[in-house]
$ cat data15.txt   # compact mmCIF, C-alpha atoms
# COMPACT_ATOMS: atom_id res chain seq x y z
CA MET G 1 0.00 0.00 0.00
CA GLU G 2 1.50 3.34 -1.10
CA ARG G 3 0.01 5.26 1.85
CA PRO G 4 -0.20 2.73 4.70
CA TRP G 5 -1.32 5.36 7.22
CA GLU G 6 -4.68 5.49 5.42
CA HIS G 7 -5.42 1.97 6.74
CA PRO G 8 -7.11 2.37 10.17
CA ASP G 9 -5.47 -0.67 11.76
CA TRP G 10 -1.95 0.24 10.57
CA TYR G 11 -2.58 3.80 11.71
CA ASP G 12 -3.58 2.69 15.21
CA LEU G 13 -0.61 0.36 15.53
CA HIS G 14 2.02 2.83 14.36
CA ASP G 15 0.72 6.26 15.36
CA THR G 16 1.78 6.04 19.00
CA ALA G 17 5.33 5.01 18.23
CA PHE G 18 5.86 7.52 15.45
CA THR G 19 4.44 10.80 16.72
CA ALA G 20 6.19 10.98 20.07
CA GLY G 21 7.81 7.66 20.89
CA SER G 22 6.02 4.72 22.44
CA GLU G 23 7.25 5.57 25.92
CA ARG G 24 6.08 9.22 25.87
CA GLU G 25 2.96 9.64 23.77
CA PRO G 26 0.48 8.59 26.46
CA GLU G 27 1.88 11.41 28.61
CA HIS G 28 1.71 13.80 25.64
CA TYR G 29 -1.98 13.13 25.06
CA ARG G 30 -2.87 13.04 28.74
CA GLU G 31 -1.29 16.47 29.21
CA LEU G 32 -3.75 17.85 26.66
CA LEU G 33 -6.65 16.21 28.50
CA LEU G 34 -5.49 17.75 31.79
CA ALA G 35 -5.15 21.18 30.14
CA LEU G 36 -8.79 21.28 29.01
CA PRO G 37 -11.44 23.21 30.93
CA PRO G 38 -14.21 21.12 32.54
CA LEU G 39 -16.52 19.67 29.88
CA GLY G 40 -20.12 18.55 30.31
CA GLN G 41 -23.51 18.16 28.67
CA ALA G 42 -23.56 21.71 27.31
CA ASP G 43 -20.17 21.40 25.61
CA HIS G 44 -19.35 20.59 21.99
CA LEU G 45 -15.95 19.16 21.01
CA ALA G 46 -14.74 19.41 17.41
CA ASP G 47 -11.94 16.92 16.62
CA ILE G 48 -10.26 18.12 13.41
CA GLY G 49 -8.35 15.39 11.61
CA ALA G 50 -9.88 12.90 14.02
CA GLY G 51 -8.29 9.82 12.49
CA THR G 52 -9.70 6.80 14.32
CA GLY G 53 -10.79 8.93 17.26
CA LYS G 54 -7.87 8.37 19.62
CA LEU G 55 -7.76 11.88 21.07
CA SER G 56 -11.50 12.51 21.25
CA HIS G 57 -11.99 9.07 22.81
CA LEU G 58 -9.45 9.96 25.51
CA ILE G 59 -11.32 13.21 26.16
CA ALA G 60 -14.63 11.32 26.27
CA ARG G 61 -13.27 8.92 28.89
CA GLY G 62 -12.17 11.89 30.98
CA TYR G 63 -15.47 13.74 30.53
CA PRO G 64 -18.21 11.09 30.09
CA GLU G 65 -21.01 13.70 30.25
CA LEU G 66 -19.73 15.54 27.16
CA GLY G 67 -22.82 16.45 25.17
CA ARG G 68 -21.66 16.62 21.54
CA VAL G 69 -18.68 15.64 19.40
CA THR G 70 -18.04 16.52 15.77
CA LEU G 71 -15.49 14.22 14.12
CA ILE G 72 -13.83 15.76 11.06
CA GLU G 73 -11.80 13.26 9.02
CA PRO G 74 -11.51 12.80 5.23
CA ASN G 75 -10.76 9.04 5.42
CA GLU G 76 -14.22 7.47 5.68
CA VAL G 77 -12.94 4.15 7.04
CA LYS G 78 -11.14 5.93 9.88
CA LEU G 79 -14.17 8.13 10.41
CA ARG G 80 -16.44 5.11 10.90
CA ARG G 81 -13.98 3.70 13.43
CA ALA G 82 -13.89 7.01 15.29
CA ARG G 83 -17.67 7.33 15.36
CA SER G 84 -18.03 3.81 16.72
CA ARG G 85 -15.53 4.52 19.48
CA LEU G 86 -17.20 7.76 20.50
CA ALA G 87 -20.72 6.34 20.37
CA GLU G 88 -19.63 3.59 22.77
CA ALA G 89 -17.85 6.00 25.12
CA LEU G 90 -20.61 8.63 25.03
CA PRO G 91 -23.92 6.78 24.58
CA ARG G 92 -26.02 9.87 25.40
CA ALA G 93 -24.03 12.33 23.29
CA ARG G 94 -24.68 13.62 19.80
CA ILE G 95 -21.90 12.38 17.48
CA ASP G 96 -21.62 14.11 14.09
CA PRO G 97 -19.14 12.66 11.55
CA LEU G 98 -17.96 14.96 8.74
CA SER G 99 -15.94 13.38 5.94
CA LEU G 100 -14.01 16.52 5.04
CA PRO G 101 -10.35 17.63 4.98
CA ALA G 102 -9.06 20.57 6.98
CA GLY G 103 -7.55 23.64 5.36
CA HIS G 104 -9.42 23.44 2.04
CA GLY G 105 -12.24 25.88 2.77
CA ARG G 106 -14.90 23.18 3.01
CA LEU G 107 -15.60 22.99 6.75
CA PRO G 108 -18.94 24.63 7.58
CA PRO G 109 -18.46 27.51 10.06
CA SER G 110 -20.81 26.35 12.81
CA HIS G 111 -19.70 28.88 15.49
CA ASP G 112 -20.97 26.60 18.26
CA ALA G 113 -18.09 24.38 19.45
CA THR G 114 -16.64 24.91 22.91
CA ILE G 115 -13.31 23.23 22.08
CA ALA G 116 -11.58 22.42 18.79
CA VAL G 117 -8.63 20.04 18.88
CA PHE G 118 -5.91 18.97 16.45
CA GLY G 119 -4.08 15.80 17.52
CA SER G 120 -0.83 15.46 15.55
CA VAL G 121 -2.49 16.65 12.35
CA LEU G 122 -0.81 19.80 11.06
CA MET G 123 2.87 18.84 11.27
CA PRO G 124 2.61 15.38 9.63
CA ALA G 125 0.65 16.93 6.77
CA LEU G 126 3.46 19.44 6.24
CA GLU G 127 6.23 16.85 6.44
CA PHE G 128 4.68 14.13 4.31
CA GLY G 129 2.70 16.23 1.83
CA ALA G 130 3.89 17.74 -1.42
CA LEU G 131 3.46 21.40 -0.45
CA SER G 132 6.13 24.07 -0.57
CA TYR G 133 6.97 25.89 2.66
CA ALA G 134 4.87 28.92 1.61
CA ASP G 135 1.92 26.78 0.55
CA GLY G 136 2.23 24.71 3.73
CA MET G 137 2.09 27.82 5.90
CA ALA G 138 -0.96 29.02 3.96
CA TRP G 139 -2.63 25.64 4.54
CA VAL G 140 -1.91 25.82 8.29
CA ASP G 141 -3.40 29.32 8.36
CA ARG G 142 -6.55 28.10 6.60
CA ALA G 143 -6.90 25.08 8.90
CA LEU G 144 -6.62 27.24 12.01
CA THR G 145 -9.01 29.84 10.59
CA GLU G 146 -11.52 27.04 9.92
CA ALA G 147 -11.09 25.83 13.50
CA VAL G 148 -11.82 29.33 14.82
CA ALA G 149 -14.99 29.44 12.68
CA LEU G 150 -16.22 26.26 14.39
CA LEU G 151 -15.96 27.88 17.82
CA GLN G 152 -18.44 29.91 19.82
CA PRO G 153 -17.05 33.17 21.24
CA GLY G 154 -14.66 32.35 24.08
CA GLY G 155 -13.99 28.82 22.77
CA TRP G 156 -10.52 27.32 22.61
CA VAL G 157 -8.33 25.71 19.93
CA TYR G 158 -5.85 23.12 21.26
CA ASP G 159 -3.11 21.71 19.04
CA LEU G 160 -0.91 18.77 20.04
CA GLU G 161 2.05 18.36 17.71
CA THR G 162 5.53 16.97 17.27
CA LEU G 163 7.36 20.10 16.09
CA ALA G 164 10.65 20.58 14.29
CA GLY G 165 13.57 19.32 16.35
CA ALA G 166 16.19 21.61 17.85
CA PHE G 167 18.66 20.88 15.02
CA ALA G 168 16.16 20.98 12.13
CA ASN G 169 16.93 23.16 9.14
CA PRO G 170 15.06 26.47 9.68
CA ALA G 171 14.82 27.23 5.93
CA ASP G 172 11.64 29.01 4.86
CA ASP G 173 11.87 28.06 1.20
CA GLY G 174 11.70 24.74 -0.57
CA LYS G 175 9.50 21.92 0.70
CA ALA G 176 7.15 22.32 3.66
CA ARG G 177 8.51 21.10 7.00
CA ARG G 178 7.45 20.77 10.60
CA LEU G 179 7.27 24.16 12.28
CA PHE G 180 9.21 25.49 15.23
CA LEU G 181 7.21 26.48 18.29
CA LEU G 182 7.35 30.22 17.57
CA GLU G 183 6.13 29.64 14.01
CA LEU G 184 3.12 27.70 15.31
CA ILE G 185 2.33 30.37 17.91
CA GLU G 186 2.48 33.05 15.22
CA ALA G 187 0.09 31.00 13.06
CA PHE G 188 -2.37 30.89 15.97
CA GLN G 189 -2.13 34.65 16.27
CA ARG G 190 -2.68 35.17 12.53
CA ALA G 191 -5.89 33.13 12.85
CA GLY G 192 -7.18 35.77 15.28
CA LEU G 193 -6.73 33.70 18.43
CA SER G 194 -5.82 35.45 21.68
CA GLU G 195 -4.29 34.25 24.94
CA VAL G 196 -2.01 32.01 22.87
CA GLU G 197 0.35 29.92 24.98
CA CYS G 198 2.40 26.75 25.01
CA LEU G 199 0.89 24.59 27.76
CA TYR G 200 3.33 21.70 27.61
CA ARG G 201 6.65 20.96 25.97
CA PHE G 202 9.01 18.02 26.13
CA ARG G 203 11.79 18.21 23.55
CA ASP G 204 9.93 18.48 20.22
CA ARG G 205 6.47 17.63 21.61
CA ALA G 206 4.23 20.58 22.40
CA ILE G 207 0.65 21.58 23.16
CA VAL G 208 -0.41 25.07 22.09
CA ARG G 209 -3.78 26.68 22.70
CA GLY G 210 -5.49 29.95 21.81
CA ARG G 211 -8.89 31.48 22.50
CA LYS G 212 -11.49 32.92 20.16
CA GLN G 213 -12.36 36.42 21.25
CA ARG G 214 -15.61 36.86 23.12
CA SER G 215 -18.28 38.78 21.24
CA ASP G 216 -18.10 41.74 23.63
CA SER G 217 -14.39 42.22 22.88
CA MET G 218 -14.50 41.87 19.10

$ encode --input "data15.txt" --output "structure tokens"
Amino acid sequence: MERPWEHPDWYDLHDTAFTAGSEREPEHYRELLLALPPLGQADHLADIGAGTGKLSHLIARGYPELGRVTLIEPNEVKLRRARSRLAEALPRARIDPLSLPAGHGRLPPSHDATIAVFGSVLMPALEFGALSYADGMAWVDRALTEAVALLQPGGWVYDLETLAGAFANPADDGKARRLFLLELIEAFQRAGLSEVECLYRFRDRAIVRGRKQRSDSM
């Protein structure tokens, strides 16, 4: 198979080891869970690039009264796996699957999510795609802008990524690459997010969040 990560079983088996190292990724994902505000029946989680639902399932186990989850994933086989996982974890919740890619201007701007999350989505797309650095940055900007449009005023975007390593080439021409932390923070700010901060970092693993402005401050 030319793109083995499109197979949901291969993806589940290899994702943990590749994105952060088998010994550290559970901590990486749990740190994002611990960084979230309390979530309950009135909350709506949008998982962008949901894959097989690993991150949203972890959040659902931590907050079993979560009222609604939107799973956004272009691979329909992965999307079915994610929906099944979330329906089992949250039997009383509304689960909405959307078979759409991020960053292509196709996500409907619902303006009603409390939290939008990316779980190791943006950086792998830059590294393994065919985009130039400039086009890759433009795609990240569009993906973050789409995430903001999913949020209600005061909602948060959380992004968990494996960033460029300390000795990576910082070139801003040629092929797209994983971003450095400051580049990702600046992309959050360009998307109009405020209160942008790095919540967790271990070597090249980081969690960044930013807040959509409340309506009374816009």

$ closest_residue --input "data15.txt" --among "G:Glu161, G:Leu179, G:Leu122, G:Ala138" --to "G:Gly105" --atoms "all atoms listed in the file"
G:Ala138

$ residues_around --input "data15.txt" --residues "G:Arg68" --least-positions-apart "2" --cutoff "9 Å" --atoms "only C-alpha atoms" --output "list in words"
Gln41, Ala42, Asp43, His44, Leu45, Ala46, Leu66, Thr70, Leu90, Arg92, Ala93, Arg94, Ile95, Asp96 and Ala113 of chain G

$ closest_residue --input "data15.txt" --among "G:Leu100, G:Leu150, G:Leu163, G:Ile207" --to "G:Glu183" --atoms "only C-alpha atoms"
G:Leu163

$ atom_distance --input "data15.txt" --atom1 "atom CA of G:Pro74" --atom2 "atom CA of G:His104"
11.3 Å

$ closest_residue --input "data15.txt" --among "G:Ala168, G:Ala134, G:Leu33, G:Leu160" --to "G:Phe202" --atoms "all atoms listed in the file"
G:Leu160

$ closest_residue --input "data15.txt" --among "G:Ala176, G:Ala147, G:Tyr133, G:Arg81" --to "G:Arg209" --atoms "all atoms listed in the file"
G:Ala147

$ closest_residue --input "data15.txt" --among "G:Gly210, G:Gly155, G:Gly174, G:Gly103" --to "G:Gln189" --atoms "all atoms listed in the file"
G:Gly210

$ build_atoms --input "data15.txt" --residues "stretch 119-155 of chain G" --atoms "N, CA and C atoms" --output "compact mmCIF listing (two decimals), in the coordinates of the input"
# COMPACT_ATOMS: atom_id res chain seq x y z
N GLY G 119 -4.98 16.75 16.87
CA GLY G 119 -4.08 15.80 17.52
C GLY G 119 -3.07 15.27 16.54
N SER G 120 -1.88 15.88 16.48
CA SER G 120 -0.83 15.46 15.55
C SER G 120 -1.36 15.42 14.11
N VAL G 121 -1.90 16.55 13.68
CA VAL G 121 -2.49 16.65 12.35
C VAL G 121 -1.69 17.58 11.45
N LEU G 122 -1.39 18.78 11.92
CA LEU G 122 -0.81 19.80 11.06
C LEU G 122 0.63 19.46 10.65
N MET G 123 1.45 19.07 11.60
CA MET G 123 2.87 18.84 11.27
C MET G 123 3.09 17.63 10.36
N PRO G 124 2.44 16.48 10.59
CA PRO G 124 2.61 15.38 9.63
C PRO G 124 2.18 15.74 8.22
N ALA G 125 1.09 16.52 8.10
CA ALA G 125 0.65 16.93 6.77
C ALA G 125 1.71 17.78 6.07
N LEU G 126 2.40 18.63 6.83
CA LEU G 126 3.46 19.44 6.24
C LEU G 126 4.64 18.56 5.83
N GLU G 127 5.04 17.66 6.71
CA GLU G 127 6.23 16.85 6.44
C GLU G 127 6.03 15.86 5.30
N PHE G 128 4.88 15.23 5.25
CA PHE G 128 4.68 14.13 4.31
C PHE G 128 3.88 14.54 3.07
N GLY G 129 3.41 15.77 3.01
CA GLY G 129 2.70 16.23 1.83
C GLY G 129 3.65 16.72 0.76
N ALA G 130 3.08 17.26 -0.29
CA ALA G 130 3.89 17.74 -1.42
C ALA G 130 3.91 19.26 -1.51
N LEU G 131 3.55 19.95 -0.43
CA LEU G 131 3.46 21.40 -0.45
C LEU G 131 4.83 22.05 -0.31
N SER G 132 4.96 23.25 -0.85
CA SER G 132 6.13 24.07 -0.57
C SER G 132 5.98 24.67 0.83
N TYR G 133 7.05 25.26 1.34
CA TYR G 133 6.97 25.89 2.66
C TYR G 133 5.89 26.97 2.66
N ALA G 134 5.86 27.84 1.65
CA ALA G 134 4.87 28.92 1.61
C ALA G 134 3.45 28.37 1.53
N ASP G 135 3.26 27.36 0.68
CA ASP G 135 1.92 26.78 0.55
C ASP G 135 1.53 26.03 1.82
N GLY G 136 2.50 25.41 2.47
CA GLY G 136 2.23 24.71 3.73
C GLY G 136 1.80 25.68 4.82
N MET G 137 2.47 26.83 4.91
CA MET G 137 2.09 27.82 5.90
C MET G 137 0.69 28.36 5.61
N ALA G 138 0.38 28.55 4.33
CA ALA G 138 -0.96 29.02 3.96
C ALA G 138 -2.01 27.99 4.34
N TRP G 139 -1.68 26.71 4.17
CA TRP G 139 -2.63 25.64 4.54
C TRP G 139 -2.84 25.62 6.05
N VAL G 140 -1.77 25.76 6.84
CA VAL G 140 -1.91 25.82 8.29
C VAL G 140 -2.80 26.99 8.69
N ASP G 141 -2.57 28.14 8.06
CA ASP G 141 -3.40 29.32 8.36
C ASP G 141 -4.87 29.05 8.07
N ARG G 142 -5.15 28.39 6.94
CA ARG G 142 -6.55 28.10 6.60
C ARG G 142 -7.14 27.11 7.60
N ALA G 143 -6.39 26.08 7.96
CA ALA G 143 -6.90 25.08 8.90
C ALA G 143 -7.22 25.71 10.25
N LEU G 144 -6.36 26.59 10.73
CA LEU G 144 -6.62 27.24 12.01
C LEU G 144 -7.78 28.22 11.91
N THR G 145 -7.89 28.93 10.79
CA THR G 145 -9.01 29.84 10.59
C THR G 145 -10.33 29.07 10.56
N GLU G 146 -10.33 27.89 9.92
CA GLU G 146 -11.52 27.04 9.92
C GLU G 146 -11.86 26.58 11.34
N ALA G 147 -10.84 26.25 12.11
CA ALA G 147 -11.09 25.83 13.50
C ALA G 147 -11.73 26.95 14.30
N VAL G 148 -11.24 28.18 14.11
CA VAL G 148 -11.82 29.33 14.82
C VAL G 148 -13.29 29.50 14.42
N ALA G 149 -13.61 29.28 13.15
CA ALA G 149 -14.99 29.44 12.68
C ALA G 149 -15.93 28.37 13.23
N LEU G 150 -15.39 27.27 13.75
CA LEU G 150 -16.22 26.26 14.39
C LEU G 150 -16.59 26.65 15.82
N LEU G 151 -15.82 27.58 16.40
CA LEU G 151 -15.96 27.88 17.82
C LEU G 151 -17.02 28.93 18.11
N GLN G 152 -17.64 28.82 19.27
CA GLN G 152 -18.44 29.91 19.82
C GLN G 152 -17.48 30.94 20.42
N PRO G 153 -17.93 32.18 20.60
CA PRO G 153 -17.05 33.17 21.24
C PRO G 153 -16.56 32.66 22.60
N GLY G 154 -15.27 32.82 22.84
CA GLY G 154 -14.66 32.35 24.08
C GLY G 154 -14.19 30.92 24.03
N GLY G 155 -14.44 30.20 22.92
CA GLY G 155 -13.99 28.82 22.77
C GLY G 155 -12.49 28.73 22.52
